[in-house]
$ cat final-v4.cif   # mmCIF, C-alpha atoms
data_query
#
loop_
_atom_site.label_atom_id
_atom_site.label_comp_id
_atom_site.auth_asym_id
_atom_site.auth_seq_id
_atom_site.Cartn_x
_atom_site.Cartn_y
_atom_site.Cartn_z
CA MET F 1 41.18 -8.64 -1.29
CA THR F 2 38.62 -11.22 -0.25
CA ALA F 3 36.98 -8.84 2.22
CA PRO F 4 33.36 -7.91 1.57
CA GLU F 5 33.09 -4.67 -0.39
CA ASN F 6 30.87 -3.16 2.24
CA GLU F 7 33.49 -3.41 4.93
CA LEU F 8 35.76 -0.52 5.87
CA ARG F 9 39.24 -1.14 7.18
CA PHE F 10 41.54 1.05 9.21
CA ALA F 11 44.95 0.28 10.62
CA ARG F 12 47.53 2.02 12.78
CA VAL F 13 50.83 0.93 14.25
CA PHE F 14 51.65 1.78 17.87
CA ASP F 15 55.00 1.62 19.64
CA ALA F 16 53.78 -0.51 22.53
CA PRO F 17 53.48 -4.19 23.39
CA ARG F 18 50.34 -5.96 22.25
CA GLU F 19 49.13 -6.79 25.79
CA LEU F 20 49.22 -3.11 26.73
CA VAL F 21 47.42 -1.98 23.57
CA PHE F 22 44.77 -4.63 24.09
CA GLU F 23 44.30 -3.61 27.71
CA CYS F 24 43.78 -0.01 26.65
CA MET F 25 40.78 -1.11 24.59
CA ILE F 26 39.00 -2.88 27.46
CA ASP F 27 40.02 -0.83 30.49
CA PRO F 28 37.61 2.09 31.15
CA ASP F 29 40.40 4.07 32.86
CA GLN F 30 42.43 3.87 29.67
CA LEU F 31 39.53 4.25 27.24
CA ALA F 32 38.61 7.54 28.90
CA HIS F 33 41.90 8.95 27.59
CA PHE F 34 41.31 8.33 23.92
CA TRP F 35 37.85 7.03 23.04
CA GLY F 36 36.35 10.44 22.21
CA PRO F 37 37.57 11.81 18.87
CA ALA F 38 39.04 15.34 18.74
CA GLY F 39 36.79 17.94 20.30
CA THR F 40 35.03 15.37 22.45
CA SER F 41 35.83 13.48 25.59
CA ALA F 42 34.67 10.13 26.93
CA PRO F 43 34.15 10.55 30.68
CA ARG F 44 35.26 7.58 32.76
CA GLU F 45 31.96 7.42 34.68
CA HIS F 46 29.99 6.78 31.49
CA ILE F 47 32.17 3.97 30.20
CA SER F 48 31.17 0.46 31.00
CA VAL F 49 33.04 -2.58 29.81
CA ASP F 50 32.12 -6.17 30.44
CA ALA F 51 34.67 -7.77 28.18
CA ARG F 52 33.24 -11.21 27.49
CA PRO F 53 30.91 -12.53 24.80
CA GLY F 54 27.44 -11.09 25.48
CA GLY F 55 28.89 -8.40 27.78
CA VAL F 56 28.06 -4.72 27.39
CA PHE F 57 30.43 -2.09 26.00
CA SER F 58 28.92 1.36 26.34
CA THR F 59 30.38 4.83 26.17
CA VAL F 60 29.22 8.42 25.96
CA MET F 61 31.22 10.88 23.91
CA VAL F 62 30.71 14.42 25.14
CA ASN F 63 31.16 17.49 22.96
CA ASP F 64 33.78 19.67 24.66
CA ARG F 65 32.16 22.82 23.34
CA ASP F 66 28.51 22.51 24.27
CA GLY F 67 28.24 19.34 26.35
CA SER F 68 26.14 17.45 23.78
CA GLU F 69 26.26 13.73 24.40
CA TYR F 70 26.70 10.95 21.87
CA PRO F 71 26.00 7.63 23.55
CA THR F 72 26.89 4.30 22.01
CA HIS F 73 25.94 0.88 23.26
CA ALA F 74 27.37 -2.37 22.01
CA ILE F 75 27.51 -6.05 22.90
CA TYR F 76 30.77 -7.96 22.68
CA ASP F 77 30.72 -10.88 20.26
CA GLU F 78 34.26 -12.15 20.78
CA VAL F 79 36.95 -11.38 23.33
CA ARG F 80 40.30 -13.11 22.79
CA PRO F 81 43.08 -11.35 24.73
CA PRO F 82 45.38 -10.06 23.47
CA GLU F 83 44.57 -10.60 19.81
CA LEU F 84 40.94 -9.90 19.01
CA LEU F 85 37.89 -7.97 20.14
CA SER F 86 34.60 -7.70 18.34
CA TRP F 87 31.32 -6.09 19.18
CA THR F 88 28.03 -5.17 17.56
CA GLU F 89 26.54 -1.73 18.11
CA SER F 90 22.97 -1.97 19.38
CA HIS F 91 21.83 1.29 17.80
CA SER F 92 23.17 0.68 14.30
CA GLY F 93 23.70 -3.06 14.03
CA MET F 94 27.22 -2.27 12.90
CA LYS F 95 29.81 -4.89 13.67
CA VAL F 96 33.31 -3.77 14.62
CA ILE F 97 36.19 -6.23 14.66
CA THR F 98 39.48 -5.12 16.21
CA GLN F 99 42.56 -7.20 15.63
CA PHE F 100 45.83 -6.69 17.53
CA VAL F 101 48.86 -7.84 15.59
CA ALA F 102 52.27 -8.02 17.27
CA LEU F 103 54.88 -6.66 14.84
CA GLY F 104 57.59 -6.92 17.51
CA PRO F 105 57.91 -6.91 21.30
CA ASP F 106 57.14 -3.18 21.39
CA ARG F 107 55.19 -2.73 18.19
CA THR F 108 51.53 -3.48 17.66
CA GLU F 109 49.22 -2.92 14.77
CA ILE F 110 45.54 -2.37 15.40
CA ARG F 111 43.36 -3.37 12.48
CA ILE F 112 39.76 -2.30 12.54
CA ARG F 113 37.13 -3.82 10.29
CA GLN F 114 33.77 -2.18 10.29
CA ARG F 115 30.69 -3.36 8.47
CA TYR F 116 28.77 -0.67 6.62
CA VAL F 117 25.12 -0.47 7.61
CA PRO F 118 23.24 2.23 5.73
CA GLU F 119 20.47 4.00 7.50
CA ALA F 120 17.87 2.72 5.05
CA PHE F 121 18.43 -0.82 6.23
CA MET F 122 18.20 -0.09 9.93
CA SER F 123 15.15 -0.49 12.11
CA PRO F 124 13.28 2.76 12.89
CA GLN F 125 14.68 2.65 16.44
CA ALA F 126 18.16 2.15 15.09
CA GLN F 127 17.68 5.02 12.67
CA ALA F 128 16.59 7.30 15.49
CA GLY F 129 19.62 6.31 17.54
CA PHE F 130 21.88 6.77 14.57
CA LEU F 131 20.50 10.19 13.76
CA THR F 132 20.56 11.49 17.29
CA SER F 133 24.04 10.29 18.03
CA LEU F 134 26.40 9.60 15.19
CA ASP F 135 25.03 12.18 12.79
CA ARG F 136 25.38 14.90 15.38
CA LEU F 137 28.87 13.69 16.12
CA ALA F 138 29.62 13.73 12.39
CA ALA F 139 28.33 17.28 12.12
CA HIS F 140 30.53 18.28 15.03
CA LEU F 141 33.58 16.57 13.56
CA GLY F 142 32.89 18.18 10.22
CA GLY F 143 33.58 21.54 11.81
CA LEU F 144 37.04 20.47 12.94
CA ALA F 145 40.29 20.18 11.07
CA PRO F 146 40.68 16.88 9.25
CA GLY F 147 42.43 14.19 11.24
CA SER F 148 46.00 13.14 10.64
CA PRO F 149 46.51 11.06 7.53
CA ARG F 150 48.30 8.34 9.42
CA THR F 151 45.37 5.97 9.48
CA ARG F 152 45.49 4.38 6.11
CA PRO F 153 42.99 2.16 4.39
CA GLU F 154 44.31 -1.32 4.78
CA GLU F 155 45.34 -2.76 1.45
CA GLY F 156 46.42 -6.16 2.60
CA PRO F 157 49.03 -7.84 4.74
CA SER F 158 51.91 -5.82 3.28
CA GLU F 159 52.62 -2.33 4.57
CA MET C 1 19.47 -9.43 -1.00
CA THR C 2 20.39 -6.50 1.18
CA GLU C 3 23.98 -7.68 1.36
CA GLU C 4 24.14 -8.03 -2.40
CA ARG C 5 22.87 -4.52 -2.88
CA LEU C 6 25.43 -3.08 -0.48
CA ASP C 7 28.25 -4.99 -2.09
CA ALA C 8 27.03 -3.64 -5.42
CA ALA C 9 27.11 -0.01 -4.20
CA PHE C 10 30.68 -0.29 -2.95
CA ALA C 11 31.83 -2.23 -6.01
CA ALA C 12 30.14 0.28 -8.31
CA LEU C 13 32.22 3.11 -6.87
CA ALA C 14 35.44 1.15 -7.14
CA ASP C 15 35.56 1.71 -10.93
CA PRO C 16 36.97 5.01 -12.31
CA THR C 17 34.58 5.19 -15.29
CA ARG C 18 31.59 4.73 -13.02
CA ARG C 19 32.93 7.36 -10.63
CA ALA C 20 33.23 9.75 -13.58
CA ILE C 21 29.64 8.98 -14.58
CA VAL C 22 28.52 9.67 -11.02
CA SER C 23 30.42 13.00 -11.07
CA ARG C 24 28.77 13.97 -14.33
CA LEU C 25 25.31 13.12 -13.00
CA ALA C 26 25.96 15.24 -9.92
CA HIS C 27 25.57 18.23 -12.28
CA GLY C 28 22.23 17.04 -13.60
CA ASP C 29 20.42 14.21 -15.37
CA ALA C 30 21.89 12.99 -18.66
CA THR C 31 21.09 10.54 -21.42
CA VAL C 32 23.30 7.59 -22.30
CA SER C 33 24.76 9.35 -25.35
CA GLU C 34 25.50 12.47 -23.31
CA LEU C 35 27.27 10.33 -20.74
CA ALA C 36 29.19 8.44 -23.41
CA ALA C 37 30.46 11.62 -25.13
CA PRO C 38 33.49 12.32 -22.87
CA PHE C 39 34.60 8.69 -22.97
CA ALA C 40 36.14 6.79 -25.83
CA MET C 41 33.58 4.13 -25.24
CA SER C 42 30.74 2.57 -27.19
CA LEU C 43 27.14 3.08 -26.10
CA PRO C 44 26.84 -0.59 -25.12
CA GLY C 45 30.02 -0.16 -23.04
CA ILE C 46 28.53 2.79 -21.17
CA SER C 47 25.21 0.98 -20.84
CA LYS C 48 26.98 -1.84 -19.05
CA HIS C 49 28.39 0.59 -16.48
CA LEU C 50 24.98 2.20 -16.10
CA LYS C 51 23.40 -1.16 -15.36
CA VAL C 52 25.94 -1.73 -12.57
CA LEU C 53 25.19 1.70 -11.12
CA GLU C 54 21.45 1.17 -11.44
CA ARG C 55 21.61 -2.18 -9.64
CA SER C 56 23.59 -0.57 -6.84
CA GLY C 57 20.81 1.97 -6.27
CA LEU C 58 23.19 4.87 -6.91
CA ILE C 59 21.39 5.95 -10.07
CA SER C 60 17.91 5.53 -11.48
CA ARG C 61 16.64 5.86 -15.05
CA GLY C 62 13.52 7.45 -16.46
CA ARG C 63 10.91 4.94 -17.54
CA ASP C 64 8.76 6.70 -20.09
CA ALA C 65 10.95 8.79 -22.37
CA GLN C 66 12.75 6.99 -25.15
CA PHE C 67 16.08 8.46 -24.01
CA ARG C 68 15.64 7.21 -20.44
CA PRO C 69 17.74 9.94 -18.78
CA CYS C 70 19.96 8.83 -15.91
CA HIS C 71 19.46 10.37 -12.50
CA LEU C 72 21.86 10.33 -9.58
CA GLU C 73 20.29 9.10 -6.35
CA VAL C 74 22.09 11.69 -4.27
CA GLY C 75 20.76 10.34 -1.00
CA ALA C 76 22.25 6.90 -1.56
CA LEU C 77 25.61 8.35 -2.55
CA ASP C 78 25.76 10.88 0.28
CA GLN C 79 24.92 8.26 2.79
CA THR C 80 27.70 5.98 1.61
CA LEU C 81 30.35 8.69 1.47
CA ASP C 82 29.34 10.32 4.76
CA TRP C 83 29.55 7.04 6.52
CA ILE C 84 33.01 6.35 5.20
CA SER C 85 34.47 9.77 6.01
CA THR C 86 32.88 10.01 9.45
CA HIS C 87 34.18 6.66 10.59
CA ARG C 88 37.59 7.19 9.10
CA GLN C 89 37.82 10.48 10.97
CA ILE C 90 36.64 9.02 14.26
CA TRP C 91 39.21 6.23 14.20
CA ASN C 92 41.97 8.58 13.04
CA GLN C 93 41.42 10.89 15.97
CA ARG C 94 40.95 8.07 18.43
CA PHE C 95 44.22 6.53 17.29
CA ASP C 96 46.01 9.87 17.60
CA LYS C 97 44.88 10.09 21.21
CA LEU C 98 45.68 6.44 21.91
CA ASP C 99 49.15 6.94 20.50
CA ALA C 100 49.72 9.92 22.80
CA HIS C 101 48.26 8.01 25.73
CA LEU C 102 50.52 5.01 25.15
CA ARG C 103 53.57 7.27 24.94
CA GLY C 104 52.56 8.85 28.24
CA LEU C 105 52.06 5.48 29.88
CA ARG C 106 55.42 4.20 28.77
CA ALA C 107 57.32 7.39 29.55
CA GLY C 108 55.83 7.83 33.02
CA PRO C 109 55.92 5.47 36.01
CA SER C 110 55.12 2.02 34.69
CA ARG C 111 52.03 1.59 36.76
CA ARG C 112 50.03 -0.06 34.04
CA LYS C 113 52.46 -2.24 32.22
CA GLY C 114 51.04 -5.52 33.49
CA SER C 115 48.07 -7.24 31.97
CA GLY C 116 45.89 -6.56 35.01
CA SER C 117 43.85 -9.05 36.96
#

$ encode --input "final-v4.cif" --output "structure tokens"
Amino acid sequence: MTAPENELRFARVFDAPRELVFECMIDPDQLAHFWGPAGTSAPREHISVDARPGGVFSTVMVNDRDGSEYPTHAIYDEVRPPELLSWTESHSGMKVITQFVALGPDRTEIRIRQRYVPEAFMSPQAQAGFLTSLDRLAAHLGGLAPGSPRTRPEEGPSE
Amino acid sequence: MTEERLDAAFAALADPTRRAIVSRLAHGDATVSELAAPFAMSLPGISKHLKVLERSGLISRGRDAQFRPCHLEVGALDQTLDWISTHRQIWNQRFDKLDAHLRGLRAGPSRRKGSGS
């Protein structure tokens, strides 16, 4: 309720212990399995993770169909295993905060908070990066079936 | 300043009357009385909503004519909605894959159950 209006929130519950879920988000071997949305992959060799404040988090999502690449580059702001990760994308200035909440020994909720940064407020370089990467990815995703409805907008602490 | 404007755009779209006004303007420019017609609302009531929308940058209003027709700034709206749907979709699909990956990890040999080095 007190969140800024220009912040988007996503949440999903996983049947796995918090330490394991957290590790998946900072281990390139694990990230390679899920980082690319449907129709793309995130090759292990293009993922680099230096999980500490100021460290680099970069990935390349590759379009399965035509090999187009969508690189992203970010710098970690906060790394607090196993409860919190945050980074700022270099190309868009967008800040992403990922919270890992233990709901039980084998149940973990990931809560993503993402700050909206419209193109008009980005630097020209950022706009170029945004247009060449995320917009093309968006166009690609637009051609696919909508994702599962299981990720819900987070309303608050209650389910 | 920038922050305030962004907050305003998101807040503007949180209200059902303002969303209806935006939908109406998507079909073409309209005057305040035209916009007020479908609502059981006074002109000053509608004007208040229009001011919120105008401040958010989602609509603009003609300067010269006495009726000051309202105009939807399609670019600003598209940008906001595209951003939301793209990111929602990306995280949805990522989470689907992560869910499958975690199931695989836990079903198979528990080679990665520890917290690593």

$ residues_around --input "final-v4.cif" --residues "range 106-114 of chain F" --least-positions-apart "5" --cutoff "6 Å" --atoms "all atoms listed in the file" --output "list in words"
Glu7, Leu8, Arg9, Phe10, Ala11, Arg12, Val13, Phe14, Asp15, Ala16, Pro17, Arg18, Lys95, Val96, Ile97, Thr98, Gln99, Phe100 and Val101 of chain F

$ axis_aligned_box --input "final-v4.cif" --around "range 43-61 of chain C" --padding-each-side "3 Å" --output "lines of an AutoDock Vina configuration file"
center_x = 23.3
center_y = 1.9
center_z = -16.2
size_x = 19.4
size_y = 14.1
size_z = 25.8

$ atom_distance --input "final-v4.cif" --atom1 "CA of Met25 in chain F" --atom2 "CA of Ala38 in chain F"
17.5 Å

$ closest_residue --input "final-v4.cif" --among "C:Ile90, C:Ala14, C:Ala107, C:Ala30" --to "chain F" --atoms "only C-alpha atoms"
C:Ile90

$ resolve_selection --input "final-v4.cif" --expression "the PyMOL selection byres ((chain C) within 6 of (chain F))" --output "VMD selection string"
chain C and resid 7 10 86 89 to 90 92 to 94 97 to 98

$ write_last_selection --input "final-v4.cif" --atoms "C-alpha atoms" --output "PDB file, keeping the file's coordinate frame"
ATOM      1  CA  ASP C   7      28.250  -4.990  -2.090  1.00  0.00           C
ATOM      2  CA  PHE C  10      30.680  -0.290  -2.950  1.00  0.00           C
ATOM      3  CA  THR C  86      32.880  10.010   9.450  1.00  0.00           C
ATOM      4  CA  GLN C  89      37.820  10.480  10.970  1.00  0.00           C
ATOM      5  CA  ILE C  90      36.640   9.020  14.260  1.00  0.00           C
ATOM      6  CA  ASN C  92      41.970   8.580  13.040  1.00  0.00           C
ATOM      7  CA  GLN C  93      41.420  10.890  15.970  1.00  0.00           C
ATOM      8  CA  ARG C  94      40.950   8.070  18.430  1.00  0.00           C
ATOM      9  CA  LYS C  97      44.880  10.090  21.210  1.00  0.00           C
ATOM     10  CA  LEU C  98      45.680   6.440  21.910  1.00  0.00           C
TER      11      LEU C  98
END

$ residues_around --input "final-v4.cif" --residues "Leu72 in chain C" --least-positions-apart "2" --cutoff "6 Å" --atoms "only C-alpha atoms" --output "PDB file with C-alpha atoms, in the coordinates of the input"
ATOM      1  CA  LEU C  25      25.310  13.120 -13.000  1.00  0.00           C
ATOM      2  CA  ILE C  59      21.390   5.950 -10.070  1.00  0.00           C
ATOM      3  CA  VAL C  74      22.090  11.690  -4.270  1.00  0.00           C
TER       4      VAL C  74
END

$ closest_residue --input "final-v4.cif" --among "F:Ile26, F:Met94, F:Ala51, F:Met61" --to "Val79 in chain F" --atoms "all atoms listed in the file"
F:Ala51

$ build_atoms --input "final-v4.cif" --residues "range 31-47 of chain F" --atoms "N, CA and C atoms" --output "PDB file, keeping the file's coordinate frame"
ATOM      1  N   LEU F  31      40.424   3.808  28.327  1.00  0.00           N
ATOM      2  CA  LEU F  31      39.530   4.250  27.240  1.00  0.00           C
ATOM      3  C   LEU F  31      39.173   5.733  27.399  1.00  0.00           C
ATOM      4  N   ALA F  32      39.006   6.152  28.641  1.00  0.00           N
ATOM      5  CA  ALA F  32      38.610   7.540  28.900  1.00  0.00           C
ATOM      6  C   ALA F  32      39.624   8.523  28.292  1.00  0.00           C
ATOM      7  N   HIS F  33      40.868   8.069  28.125  1.00  0.00           N
ATOM      8  CA  HIS F  33      41.900   8.950  27.590  1.00  0.00           C
ATOM      9  C   HIS F  33      41.829   9.154  26.075  1.00  0.00           C
ATOM     10  N   PHE F  34      41.205   8.212  25.381  1.00  0.00           N
ATOM     11  CA  PHE F  34      41.310   8.330  23.920  1.00  0.00           C
ATOM     12  C   PHE F  34      40.040   8.022  23.146  1.00  0.00           C
ATOM     13  N   TRP F  35      38.994   7.522  23.804  1.00  0.00           N
ATOM     14  CA  TRP F  35      37.850   7.030  23.040  1.00  0.00           C
ATOM     15  C   TRP F  35      37.106   8.135  22.298  1.00  0.00           C
ATOM     16  N   GLY F  36      37.037   9.331  22.891  1.00  0.00           N
ATOM     17  CA  GLY F  36      36.350  10.440  22.210  1.00  0.00           C
ATOM     18  C   GLY F  36      37.242  11.049  21.153  1.00  0.00           C
ATOM     19  N   PRO F  37      36.763  11.155  19.902  1.00  0.00           N
ATOM     20  CA  PRO F  37      37.570  11.810  18.870  1.00  0.00           C
ATOM     21  C   PRO F  37      37.809  13.289  19.215  1.00  0.00           C
ATOM     22  N   ALA F  38      38.668  13.949  18.454  1.00  0.00           N
ATOM     23  CA  ALA F  38      39.040  15.340  18.740  1.00  0.00           C
ATOM     24  C   ALA F  38      37.821  16.212  18.977  1.00  0.00           C
ATOM     25  N   GLY F  39      37.899  17.051  19.992  1.00  0.00           N
ATOM     26  CA  GLY F  39      36.790  17.940  20.300  1.00  0.00           C
ATOM     27  C   GLY F  39      35.736  17.307  21.179  1.00  0.00           C
ATOM     28  N   THR F  40      35.956  16.046  21.529  1.00  0.00           N
ATOM     29  CA  THR F  40      35.030  15.370  22.450  1.00  0.00           C
ATOM     30  C   THR F  40      35.857  14.684  23.526  1.00  0.00           C
ATOM     31  N   SER F  41      35.166  14.323  24.610  1.00  0.00           N
ATOM     32  CA  SER F  41      35.830  13.480  25.590  1.00  0.00           C
ATOM     33  C   SER F  41      34.893  12.334  25.940  1.00  0.00           C
ATOM     34  N   ALA F  42      35.459  11.310  26.555  1.00  0.00           N
ATOM     35  CA  ALA F  42      34.670  10.130  26.930  1.00  0.00           C
ATOM     36  C   ALA F  42      34.835   9.942  28.429  1.00  0.00           C
ATOM     37  N   PRO F  43      33.970  10.571  29.221  1.00  0.00           N
ATOM     38  CA  PRO F  43      34.150  10.550  30.680  1.00  0.00           C
ATOM     39  C   PRO F  43      34.141   9.121  31.239  1.00  0.00           C
ATOM     40  N   ARG F  44      35.088   8.890  32.146  1.00  0.00           N
ATOM     41  CA  ARG F  44      35.260   7.580  32.760  1.00  0.00           C
ATOM     42  C   ARG F  44      33.944   7.030  33.346  1.00  0.00           C
ATOM     43  N   GLU F  45      33.161   7.911  33.976  1.00  0.00           N
ATOM     44  CA  GLU F  45      31.960   7.420  34.680  1.00  0.00           C
ATOM     45  C   GLU F  45      30.875   6.914  33.727  1.00  0.00           C
ATOM     46  N   HIS F  46      30.992   7.253  32.450  1.00  0.00           N
ATOM     47  CA  HIS F  46      29.990   6.780  31.490  1.00  0.00           C
ATOM     48  C   HIS F  46      30.482   5.620  30.649  1.00  0.00           C
ATOM     49  N   ILE F  47      31.656   5.102  30.985  1.00  0.00           N
ATOM     50  CA  ILE F  47      32.170   3.970  30.200  1.00  0.00           C
ATOM     51  C   ILE F  47      31.910   2.700  30.972  1.00  0.00           C
TER      52      ILE F  47
END
